[in-house]
$ cat coords00.cif   # mmCIF, C-alpha atoms; chains and numbers go by the auth columns
data_my_file
#
loop_
_atom_site.group_PDB
_atom_site.id
_atom_site.type_symbol
_atom_site.label_atom_id
_atom_site.label_comp_id
_atom_site.label_asym_id
_atom_site.label_seq_id
_atom_site.Cartn_x
_atom_site.Cartn_y
_atom_site.Cartn_z
_atom_site.B_iso_or_equiv
_atom_site.auth_seq_id
_atom_site.auth_asym_id
ATOM 1 C CA MET A 1 1.005 -24.551 -46.399 0.00 1 Z
ATOM 2 C CA SER A 2 -1.814 -23.072 -48.449 0.00 2 Z
ATOM 3 C CA ARG A 3 -1.803 -19.411 -49.395 0.00 3 Z
ATOM 4 C CA LYS A 4 -5.109 -18.918 -47.528 0.00 4 Z
ATOM 5 C CA LEU A 5 -3.684 -20.370 -44.291 0.00 5 Z
ATOM 6 C CA SER A 6 -0.519 -18.291 -44.646 0.00 6 Z
ATOM 7 C CA LEU A 7 -2.549 -15.094 -44.970 0.00 7 Z
ATOM 8 C CA LEU A 8 -4.584 -16.081 -41.929 0.00 8 Z
ATOM 9 C CA LEU A 9 -1.442 -16.613 -39.811 0.00 9 Z
ATOM 10 C CA ILE A 10 0.003 -13.299 -40.972 0.00 10 Z
ATOM 11 C CA GLY A 11 -3.232 -11.571 -39.995 0.00 11 Z
ATOM 12 C CA VAL A 12 -3.142 -13.121 -36.516 0.00 12 Z
ATOM 13 C CA LEU A 13 0.485 -12.033 -36.022 0.00 13 Z
ATOM 14 C CA ILE A 14 -0.235 -8.488 -37.158 0.00 14 Z
ATOM 15 C CA PHE A 15 -3.191 -8.285 -34.759 0.00 15 Z
ATOM 16 C CA ALA A 16 -1.127 -9.639 -31.845 0.00 16 Z
ATOM 17 C CA LEU A 17 2.037 -7.640 -32.592 0.00 17 Z
ATOM 18 C CA PRO A 18 1.081 -4.428 -30.703 0.00 18 Z
ATOM 19 C CA SER A 19 0.361 -6.309 -27.474 0.00 19 Z
ATOM 20 C CA MET A 20 3.557 -8.327 -27.905 0.00 20 Z
ATOM 21 C CA LEU A 21 5.634 -5.189 -28.430 0.00 21 Z
ATOM 22 C CA PHE A 22 4.133 -3.252 -25.519 0.00 22 Z
ATOM 23 C CA ALA A 23 3.678 -6.041 -22.954 0.00 23 Z
ATOM 24 C CA LEU A 24 5.090 -5.064 -19.578 0.00 24 Z
ATOM 25 C CA SER A 25 7.196 -7.284 -17.373 0.00 25 Z
ATOM 26 C CA ALA A 26 6.334 -7.862 -13.715 0.00 26 Z
ATOM 27 C CA GLU A 27 9.215 -5.602 -12.681 0.00 27 Z
ATOM 28 C CA GLU A 28 8.077 -2.796 -14.985 0.00 28 Z
ATOM 29 C CA ILE A 29 4.543 -2.964 -13.576 0.00 29 Z
ATOM 30 C CA ILE A 30 5.795 -2.793 -9.981 0.00 30 Z
ATOM 31 C CA HIS A 31 8.176 0.048 -10.813 0.00 31 Z
ATOM 32 C CA GLU A 32 5.350 2.092 -12.339 0.00 32 Z
ATOM 33 C CA MET A 33 3.029 1.232 -9.448 0.00 33 Z
ATOM 34 C CA ASP A 34 5.583 2.536 -6.939 0.00 34 Z
ATOM 35 C CA ARG A 35 6.453 5.582 -9.045 0.00 35 Z
ATOM 36 C CA LEU A 36 2.871 6.778 -9.347 0.00 36 Z
ATOM 37 C CA SER A 37 2.184 6.344 -5.632 0.00 37 Z
ATOM 38 C CA THR A 38 5.331 8.239 -4.597 0.00 38 Z
ATOM 39 C CA PHE A 39 5.597 12.018 -4.351 0.00 39 Z
ATOM 40 C CA GLU A 40 8.438 14.342 -3.452 0.00 40 Z
ATOM 41 C CA THR A 41 6.366 15.275 -0.382 0.00 41 Z
ATOM 42 C CA THR A 42 2.738 14.918 0.760 0.00 42 Z
ATOM 43 C CA TYR A 43 0.447 16.097 3.531 0.00 43 Z
ATOM 44 C CA SER A 44 -2.905 14.465 4.251 0.00 44 Z
ATOM 45 C CA THR A 45 -5.595 14.049 6.885 0.00 45 Z
ATOM 46 C CA GLY A 46 -7.983 11.186 7.356 0.00 46 Z
ATOM 47 C CA SER A 47 -9.668 8.657 9.589 0.00 47 Z
ATOM 48 C CA ILE A 48 -9.444 5.002 10.583 0.00 48 Z
ATOM 49 C CA GLN A 49 -12.780 3.403 11.473 0.00 49 Z
ATOM 50 C CA THR A 50 -12.773 -0.114 12.891 0.00 50 Z
ATOM 51 C CA THR A 51 -15.886 -2.199 13.459 0.00 51 Z
ATOM 52 C CA ASP A 52 -15.736 -5.446 15.451 0.00 52 Z
ATOM 53 C CA ARG A 53 -17.819 -7.338 17.979 0.00 53 Z
ATOM 54 C CA PHE A 54 -17.205 -4.579 20.538 0.00 54 Z
ATOM 55 C CA GLY A 55 -18.609 -1.817 18.320 0.00 55 Z
ATOM 56 C CA THR A 56 -17.127 0.928 16.141 0.00 56 Z
ATOM 57 C CA LYS A 57 -14.112 3.080 16.932 0.00 57 Z
ATOM 58 C CA THR A 58 -12.871 6.034 14.878 0.00 58 Z
ATOM 59 C CA SER A 59 -9.382 7.549 15.071 0.00 59 Z
ATOM 60 C CA LEU A 60 -8.289 10.711 13.245 0.00 60 Z
ATOM 61 C CA PHE A 61 -4.825 11.349 11.890 0.00 61 Z
ATOM 62 C CA ARG A 62 -2.653 13.664 9.866 0.00 62 Z
ATOM 63 C CA SER A 63 0.404 12.495 7.976 0.00 63 Z
ATOM 64 C CA TRP A 64 3.445 13.718 6.088 0.00 64 Z
ATOM 65 C CA SER A 65 5.676 11.838 3.656 0.00 65 Z
ATOM 66 C CA GLN A 66 8.887 12.460 1.766 0.00 66 Z
ATOM 67 C CA GLY A 67 9.971 10.298 -1.147 0.00 67 Z
ATOM 68 C CA GLU A 68 9.972 6.503 -0.891 0.00 68 Z
ATOM 69 C CA LYS A 69 11.012 5.940 2.699 0.00 69 Z
ATOM 70 C CA ASP A 70 10.152 8.823 5.053 0.00 70 Z
ATOM 71 C CA SER A 71 6.723 9.173 6.675 0.00 71 Z
ATOM 72 C CA LEU A 72 5.245 10.587 9.871 0.00 72 Z
ATOM 73 C CA ILE A 73 1.747 9.982 11.222 0.00 73 Z
ATOM 74 C CA GLU A 74 0.279 11.895 14.160 0.00 74 Z
ATOM 75 C CA PHE A 75 -3.060 10.975 15.710 0.00 75 Z
ATOM 76 C CA THR A 76 -5.356 13.897 16.504 0.00 76 Z
ATOM 77 C CA SER A 77 -8.439 12.210 17.973 0.00 77 Z
ATOM 78 C CA LYS A 78 -8.933 12.713 21.722 0.00 78 Z
ATOM 79 C CA ALA A 79 -8.070 9.192 22.892 0.00 79 Z
ATOM 80 C CA GLU A 80 -4.809 8.980 20.914 0.00 80 Z
ATOM 81 C CA ARG A 81 -3.842 12.643 20.614 0.00 81 Z
ATOM 82 C CA GLY A 82 -0.111 13.138 20.236 0.00 82 Z
ATOM 83 C CA GLN A 83 0.774 9.529 19.452 0.00 83 Z
ATOM 84 C CA LYS A 84 3.176 9.435 16.500 0.00 84 Z
ATOM 85 C CA ILE A 85 4.586 6.875 14.099 0.00 85 Z
ATOM 86 C CA LEU A 86 7.817 7.707 12.280 0.00 86 Z
ATOM 87 C CA ARG A 87 9.410 5.708 9.485 0.00 87 Z
ATOM 88 C CA THR A 88 12.841 6.866 8.370 0.00 88 Z
ATOM 89 C CA GLU A 89 16.112 5.301 7.240 0.00 89 Z
ATOM 90 C CA GLY A 90 14.479 1.863 7.146 0.00 90 Z
ATOM 91 C CA SER A 91 13.353 1.930 10.783 0.00 91 Z
ATOM 92 C CA LEU A 92 9.954 2.493 12.405 0.00 92 Z
ATOM 93 C CA TYR A 93 9.431 4.261 15.745 0.00 93 Z
ATOM 94 C CA LEU A 94 6.406 4.837 17.981 0.00 94 Z
ATOM 95 C CA PHE A 95 6.080 7.733 20.410 0.00 95 Z
ATOM 96 C CA TYR A 96 3.584 7.842 23.279 0.00 96 Z
ATOM 97 C CA PRO A 97 3.369 11.365 24.766 0.00 97 Z
ATOM 98 C CA ASP A 98 1.794 10.382 28.091 0.00 98 Z
ATOM 99 C CA ALA A 99 4.662 8.073 28.941 0.00 99 Z
ATOM 100 C CA GLU A 100 7.241 10.068 26.955 0.00 100 Z
ATOM 101 C CA GLN A 101 8.194 6.662 25.578 0.00 101 Z
ATOM 102 C CA LEU A 102 9.941 5.950 22.262 0.00 102 Z
ATOM 103 C CA ILE A 103 9.748 2.412 20.868 0.00 103 Z
ATOM 104 C CA ARG A 104 11.523 1.000 17.836 0.00 104 Z
ATOM 105 C CA MET A 105 9.446 -1.563 15.912 0.00 105 Z
ATOM 106 C CA GLN A 106 11.064 -4.334 13.893 0.00 106 Z
ATOM 107 C CA GLY A 107 10.511 -7.841 12.564 0.00 107 Z
ATOM 108 C CA ALA A 108 7.195 -9.465 13.438 0.00 108 Z
ATOM 109 C CA ALA A 109 6.228 -6.421 15.531 0.00 109 Z
ATOM 110 C CA LEU A 110 5.550 -4.533 12.294 0.00 110 Z
ATOM 111 C CA ARG A 111 2.490 -6.760 11.798 0.00 111 Z
ATOM 112 C CA GLN A 112 0.962 -5.735 15.119 0.00 112 Z
ATOM 113 C CA SER A 113 -2.440 -4.065 15.063 0.00 113 Z
ATOM 114 C CA MET A 114 -2.392 -0.288 15.132 0.00 114 Z
ATOM 115 C CA LEU A 115 -4.870 1.136 17.677 0.00 115 Z
ATOM 116 C CA GLY A 116 -6.816 -2.133 17.645 0.00 116 Z
ATOM 117 C CA SER A 117 -7.609 -1.796 13.928 0.00 117 Z
ATOM 118 C CA ASP A 118 -7.102 -4.274 11.089 0.00 118 Z
ATOM 119 C CA ILE A 119 -4.226 -2.094 9.877 0.00 119 Z
ATOM 120 C CA SER A 120 -0.687 -2.901 10.961 0.00 120 Z
ATOM 121 C CA TYR A 121 2.169 -0.462 11.430 0.00 121 Z
ATOM 122 C CA GLU A 122 3.708 -1.875 8.249 0.00 122 Z
ATOM 123 C CA ASP A 123 0.482 -1.280 6.277 0.00 123 Z
ATOM 124 C CA MET A 124 0.273 2.339 7.375 0.00 124 Z
ATOM 125 C CA THR A 125 3.890 3.291 6.686 0.00 125 Z
ATOM 126 C CA GLU A 126 4.921 0.907 3.904 0.00 126 Z
ATOM 127 C CA GLU A 127 7.926 2.066 1.888 0.00 127 Z
ATOM 128 C CA LYS A 128 7.554 2.489 -1.881 0.00 128 Z
ATOM 129 C CA ASN A 129 10.496 0.288 -2.847 0.00 129 Z
ATOM 130 C CA THR A 130 8.742 -2.999 -3.493 0.00 130 Z
ATOM 131 C CA LEU A 131 11.397 -4.560 -5.718 0.00 131 Z
ATOM 132 C CA ASP A 132 14.041 -4.120 -3.021 0.00 132 Z
ATOM 133 C CA ASN A 133 12.105 -6.557 -0.835 0.00 133 Z
ATOM 134 C CA TYR A 134 10.132 -8.792 -3.201 0.00 134 Z
ATOM 135 C CA LYS A 135 10.509 -10.902 -6.319 0.00 135 Z
ATOM 136 C CA ALA A 136 7.571 -10.318 -8.673 0.00 136 Z
ATOM 137 C CA LYS A 137 5.799 -12.799 -10.934 0.00 137 Z
ATOM 138 C CA LEU A 138 3.129 -11.793 -13.420 0.00 138 Z
ATOM 139 C CA GLU A 139 0.248 -14.270 -13.288 0.00 139 Z
ATOM 140 C CA GLY A 140 -1.939 -12.741 -16.012 0.00 140 Z
ATOM 141 C CA LEU A 141 -4.889 -10.396 -16.448 0.00 141 Z
ATOM 142 C CA GLU A 142 -8.192 -10.319 -14.557 0.00 142 Z
ATOM 143 C CA THR A 143 -11.139 -7.947 -14.435 0.00 143 Z
ATOM 144 C CA PHE A 144 -11.776 -6.511 -10.977 0.00 144 Z
ATOM 145 C CA LYS A 145 -14.488 -3.918 -10.369 0.00 145 Z
ATOM 146 C CA GLU A 146 -14.835 -3.570 -14.137 0.00 146 Z
ATOM 147 C CA LYS A 147 -11.153 -2.620 -14.361 0.00 147 Z
ATOM 148 C CA GLU A 148 -8.596 -4.672 -16.269 0.00 148 Z
ATOM 149 C CA CYS A 149 -5.821 -5.552 -13.828 0.00 149 Z
ATOM 150 C CA HIS A 150 -2.416 -7.167 -13.903 0.00 150 Z
ATOM 151 C CA VAL A 151 -2.351 -9.948 -11.303 0.00 151 Z
ATOM 152 C CA LEU A 152 1.038 -10.399 -9.660 0.00 152 Z
ATOM 153 C CA THR A 153 2.469 -12.573 -6.921 0.00 153 Z
ATOM 154 C CA LEU A 154 5.198 -11.011 -4.795 0.00 154 Z
ATOM 155 C CA THR A 155 7.517 -13.294 -2.836 0.00 155 Z
ATOM 156 C CA ALA A 156 9.720 -11.841 -0.109 0.00 156 Z
ATOM 157 C CA LYS A 157 13.483 -11.906 -0.632 0.00 157 Z
ATOM 158 C CA THR A 158 14.209 -11.801 3.115 0.00 158 Z
ATOM 159 C CA ARG A 159 12.430 -12.394 6.426 0.00 159 Z
ATOM 160 C CA SER A 160 12.596 -8.718 7.350 0.00 160 Z
ATOM 161 C CA VAL A 161 9.270 -7.848 5.668 0.00 161 Z
ATOM 162 C CA ALA A 162 5.882 -8.194 7.351 0.00 162 Z
ATOM 163 C CA TYR A 163 4.229 -10.344 4.653 0.00 163 Z
ATOM 164 C CA PRO A 164 6.123 -13.222 2.980 0.00 164 Z
ATOM 165 C CA ILE A 165 3.700 -13.396 0.039 0.00 165 Z
ATOM 166 C CA GLN A 166 1.464 -10.774 -1.555 0.00 166 Z
ATOM 167 C CA LYS A 167 -1.009 -11.176 -4.404 0.00 167 Z
ATOM 168 C CA ILE A 168 -2.015 -7.860 -5.935 0.00 168 Z
ATOM 169 C CA TRP A 169 -4.416 -6.625 -8.632 0.00 169 Z
ATOM 170 C CA VAL A 170 -2.861 -3.598 -10.389 0.00 170 Z
ATOM 171 C CA ASP A 171 -4.926 -1.440 -12.761 0.00 171 Z
ATOM 172 C CA THR A 172 -3.470 -1.675 -16.288 0.00 172 Z
ATOM 173 C CA GLU A 173 -4.089 2.040 -16.881 0.00 173 Z
ATOM 174 C CA SER A 174 -3.659 3.866 -13.555 0.00 174 Z
ATOM 175 C CA PHE A 175 -1.408 1.248 -11.852 0.00 175 Z
ATOM 176 C CA LEU A 176 -3.526 1.598 -8.717 0.00 176 Z
ATOM 177 C CA VAL A 177 -3.612 -1.524 -6.538 0.00 177 Z
ATOM 178 C CA TRP A 178 -7.319 -2.293 -6.317 0.00 178 Z
ATOM 179 C CA LYS A 179 -6.934 -5.404 -4.194 0.00 179 Z
ATOM 180 C CA ALA A 180 -4.196 -7.123 -2.226 0.00 180 Z
ATOM 181 C CA GLU A 181 -4.025 -10.428 -0.377 0.00 181 Z
ATOM 182 C CA TYR A 182 -1.264 -10.923 2.190 0.00 182 Z
ATOM 183 C CA SER A 183 -0.200 -14.444 3.170 0.00 183 Z
ATOM 184 C CA THR A 184 2.370 -16.456 5.085 0.00 184 Z
ATOM 185 C CA ALA A 185 5.132 -18.326 3.267 0.00 185 Z
ATOM 186 C CA GLN A 186 2.943 -21.442 3.582 0.00 186 Z
ATOM 187 C CA GLY A 187 0.037 -19.681 1.860 0.00 187 Z
ATOM 188 C CA ARG A 188 -2.163 -18.958 4.882 0.00 188 Z
ATOM 189 C CA LEU A 189 -4.189 -15.809 4.214 0.00 189 Z
ATOM 190 C CA LEU A 190 -3.450 -13.094 6.772 0.00 190 Z
ATOM 191 C CA LYS A 191 -5.135 -9.988 5.434 0.00 191 Z
ATOM 192 C CA VAL A 192 -7.155 -8.609 2.511 0.00 192 Z
ATOM 193 C CA MET A 193 -7.222 -4.998 1.312 0.00 193 Z
ATOM 194 C CA GLU A 194 -9.681 -3.573 -1.216 0.00 194 Z
ATOM 195 C CA VAL A 195 -9.991 -0.018 -2.529 0.00 195 Z
ATOM 196 C CA LEU A 196 -13.588 1.232 -2.364 0.00 196 Z
ATOM 197 C CA GLU A 197 -13.202 4.793 -3.607 0.00 197 Z
ATOM 198 C CA THR A 198 -10.515 6.819 -5.399 0.00 198 Z
ATOM 199 C CA PHE A 199 -9.534 10.421 -6.110 0.00 199 Z
ATOM 200 C CA LYS A 200 -7.191 12.094 -8.572 0.00 200 Z
ATOM 201 C CA SER A 201 -4.101 14.156 -7.835 0.00 201 Z
ATOM 202 C CA GLY A 202 -2.973 15.584 -11.152 0.00 202 Z
ATOM 203 C CA ASP A 203 -2.849 12.601 -13.495 0.00 203 Z
ATOM 204 C CA ARG A 204 -2.546 10.055 -10.686 0.00 204 Z
ATOM 205 C CA VAL A 205 -5.326 7.909 -9.247 0.00 205 Z
ATOM 206 C CA LEU A 206 -5.035 7.332 -5.502 0.00 206 Z
ATOM 207 C CA PRO A 207 -7.126 5.472 -2.905 0.00 207 Z
ATOM 208 C CA LYS A 208 -9.585 7.658 -1.003 0.00 208 Z
ATOM 209 C CA GLN A 209 -11.208 4.862 0.988 0.00 209 Z
ATOM 210 C CA SER A 210 -9.925 1.330 1.537 0.00 210 Z
ATOM 211 C CA ARG A 211 -11.355 -1.642 3.429 0.00 211 Z
ATOM 212 C CA ILE A 212 -8.962 -3.910 5.319 0.00 212 Z
ATOM 213 C CA GLU A 213 -9.809 -7.261 6.907 0.00 213 Z
ATOM 214 C CA ASP A 214 -7.415 -9.056 9.236 0.00 214 Z
ATOM 215 C CA LYS A 215 -8.218 -12.733 8.674 0.00 215 Z
ATOM 216 C CA MET A 216 -6.724 -13.584 12.069 0.00 216 Z
ATOM 217 C CA LYS A 217 -9.573 -11.636 13.711 0.00 217 Z
ATOM 218 C CA LYS A 218 -13.238 -12.585 13.769 0.00 218 Z
ATOM 219 C CA ASP A 219 -15.912 -10.202 12.518 0.00 219 Z
ATOM 220 C CA SER A 220 -13.563 -7.226 12.192 0.00 220 Z
ATOM 221 C CA ALA A 221 -13.019 -4.732 9.373 0.00 221 Z
ATOM 222 C CA THR A 222 -11.395 -1.328 9.072 0.00 222 Z
ATOM 223 C CA LEU A 223 -12.136 1.564 6.730 0.00 223 Z
ATOM 224 C CA MET A 224 -9.281 3.982 6.091 0.00 224 Z
ATOM 225 C CA THR A 225 -10.390 7.255 4.505 0.00 225 Z
ATOM 226 C CA VAL A 226 -8.316 10.136 3.163 0.00 226 Z
ATOM 227 C CA ASP A 227 -10.184 13.405 3.779 0.00 227 Z
ATOM 228 C CA THR A 228 -7.638 15.918 2.442 0.00 228 Z
ATOM 229 C CA PHE A 229 -4.511 15.461 0.342 0.00 229 Z
ATOM 230 C CA GLU A 230 -1.803 17.881 -0.773 0.00 230 Z
ATOM 231 C CA ALA A 231 0.909 16.834 -3.229 0.00 231 Z
ATOM 232 C CA ASN A 232 4.425 18.251 -2.994 0.00 232 Z
ATOM 233 C CA PRO A 233 3.987 20.832 -0.219 0.00 233 Z
ATOM 234 C CA LYS A 234 7.102 22.468 1.219 0.00 234 Z
ATOM 235 C CA LEU A 235 8.083 20.533 4.335 0.00 235 Z
ATOM 236 C CA ASP A 236 10.790 21.047 6.910 0.00 236 Z
ATOM 237 C CA ARG A 237 13.074 17.990 6.649 0.00 237 Z
ATOM 238 C CA SER A 238 13.413 17.935 10.443 0.00 238 Z
ATOM 239 C CA ILE A 239 9.841 16.525 10.520 0.00 239 Z
ATOM 240 C CA PHE A 240 11.325 13.097 9.822 0.00 240 Z
ATOM 241 C CA THR A 241 13.794 13.009 12.720 0.00 241 Z
ATOM 242 C CA LEU A 242 13.733 11.364 16.139 0.00 242 Z
ATOM 243 C CA GLU A 243 14.251 14.776 17.753 0.00 243 Z
ATOM 244 C CA ASN A 244 11.021 16.035 16.200 0.00 244 Z
ATOM 245 C CA LEU A 245 9.181 12.842 17.116 0.00 245 Z
ATOM 246 C CA THR A 246 9.609 13.438 20.834 0.00 246 Z
ATOM 247 C CA TRP A 247 8.863 17.163 20.688 0.00 247 Z
#

$ encode --input "coords00.cif" --output "structure tokens"
Amino acid sequence: MSRKLSLLLIGVLIFALPSMLFALSAEEIIHEMDRLSTFETTYSTGSIQTTDRFGTKTSLFRSWSQGEKDSLIEFTSKAERGQKILRTEGSLYLFYPDAEQLIRMQGAALRQSMLGSDISYEDMTEEKNTLDNYKAKLEGLETFKEKECHVLTLTAKTRSVAYPIQKIWVDTESFLVWKAEYSTAQGRLLKVMEVLETFKSGDRVLPKQSRIEDKMKKDSATLMTVDTFEANPKLDRSIFTLENLTW
């Protein structure tokens, strides 16, 4: 090997070494994605606006969360006022005040439309423990909305999750999921989510407005918007109990 070629190869290795040393695995990317989207506690308000062939419907909500697994959503708009969704200890419950009815959701029911929107109960209350439920494969890098993103395919470990396969575009800097495609085990596309607008909470970038399309519906799309957000407020732990849900 000539001295000139040897120097060229050394130069290429030196140039590539930093990216080789600091390349992240699929599991590390998912761990950081979950970590940065999880807070000790949160409180937020927002809206869900669905447009389909029947027109446009807007529902208002407020929500609380605690760690990776506990969340409570209460609807405040007139038509749905008092309806609540609780996720705790791995289970999801719905409460309808008019009927004083408590329903436990599980399995395929988690994919059901929430208030006629393109958002499912699983979408709205998803736990931040992705690697417990999915195997992750890093497919490479792509530019999405002028942001460099890791592209990953997530394959479900069990049948207990709502979506057998997910393909996600994760920002290489903020670890925000800019886009997600949800599919069946056979590869049939079920739903697409895309972040339209973001906001910052401390050093974290979070979705302010997202667009969701249920591919099983025709001419339907839902915008979910966060109007206010508070990180790590003091919350009464009883918020995330069945007793509180029916109060």

$ residues_near_point --input "coords00.cif" --point "(-1.3, 19.0, -10.6)" --cutoff "10 Å" --atoms "only C-alpha atoms" --output "list in words"
Lys200, Ser201, Gly202, Asp203, Arg204, Glu230, Ala231 and Asn232 of chain Z

$ residues_around --input "coords00.cif" --residues "range 92-103 of chain Z" --least-positions-apart "6" --cutoff "9 Å" --atoms "all atoms listed in the file" --output "VMD selection string"
chain Z and resid 80 to 86 110 121 to 122 125 242 245 to 247

$ resolve_selection --input "coords00.cif" --expression "the PyMOL selection byres ((chain Z and resi 168) around 7)" --output "PyMOL selection string"
chain Z and resi 151-153+166-167+169-170+177+179-181

$ residues_around --input "coords00.cif" --residues "range 30-33 of chain Z" --least-positions-apart "3" --cutoff "9 Å" --atoms "all atoms listed in the file" --output "PyMOL selection string"
chain Z and resi 25-27+36-38+128-131+136+152+170+174-177

$ residues_around --input "coords00.cif" --residues "Leu189 in chain Z" --least-positions-apart "6" --cutoff "7 Å" --atoms "only C-alpha atoms" --output "list in words"
Tyr182, Ser183 and Lys215 of chain Z

$ atom_distance --input "coords00.cif" --atom1 "CA of Tyr134 in chain Z" --atom2 "CA of Val161 in chain Z"
9.0 Å

$ atom_distance --input "coords00.cif" --atom1 "CA of Thr42 in chain Z" --atom2 "CA of Pro233 in chain Z"
6.1 Å

$ closest_residue --input "coords00.cif" --among "Z:Leu206, Z:Ile48, Z:Leu138, Z:Met114" --to "Thr76 in chain Z" --atoms "all atoms listed in the file"
Z:Ile48

$ atom_distance --input "coords00.cif" --atom1 "CA of Thr158 in chain Z" --atom2 "CA of Lys137 in chain Z"
16.4 Å
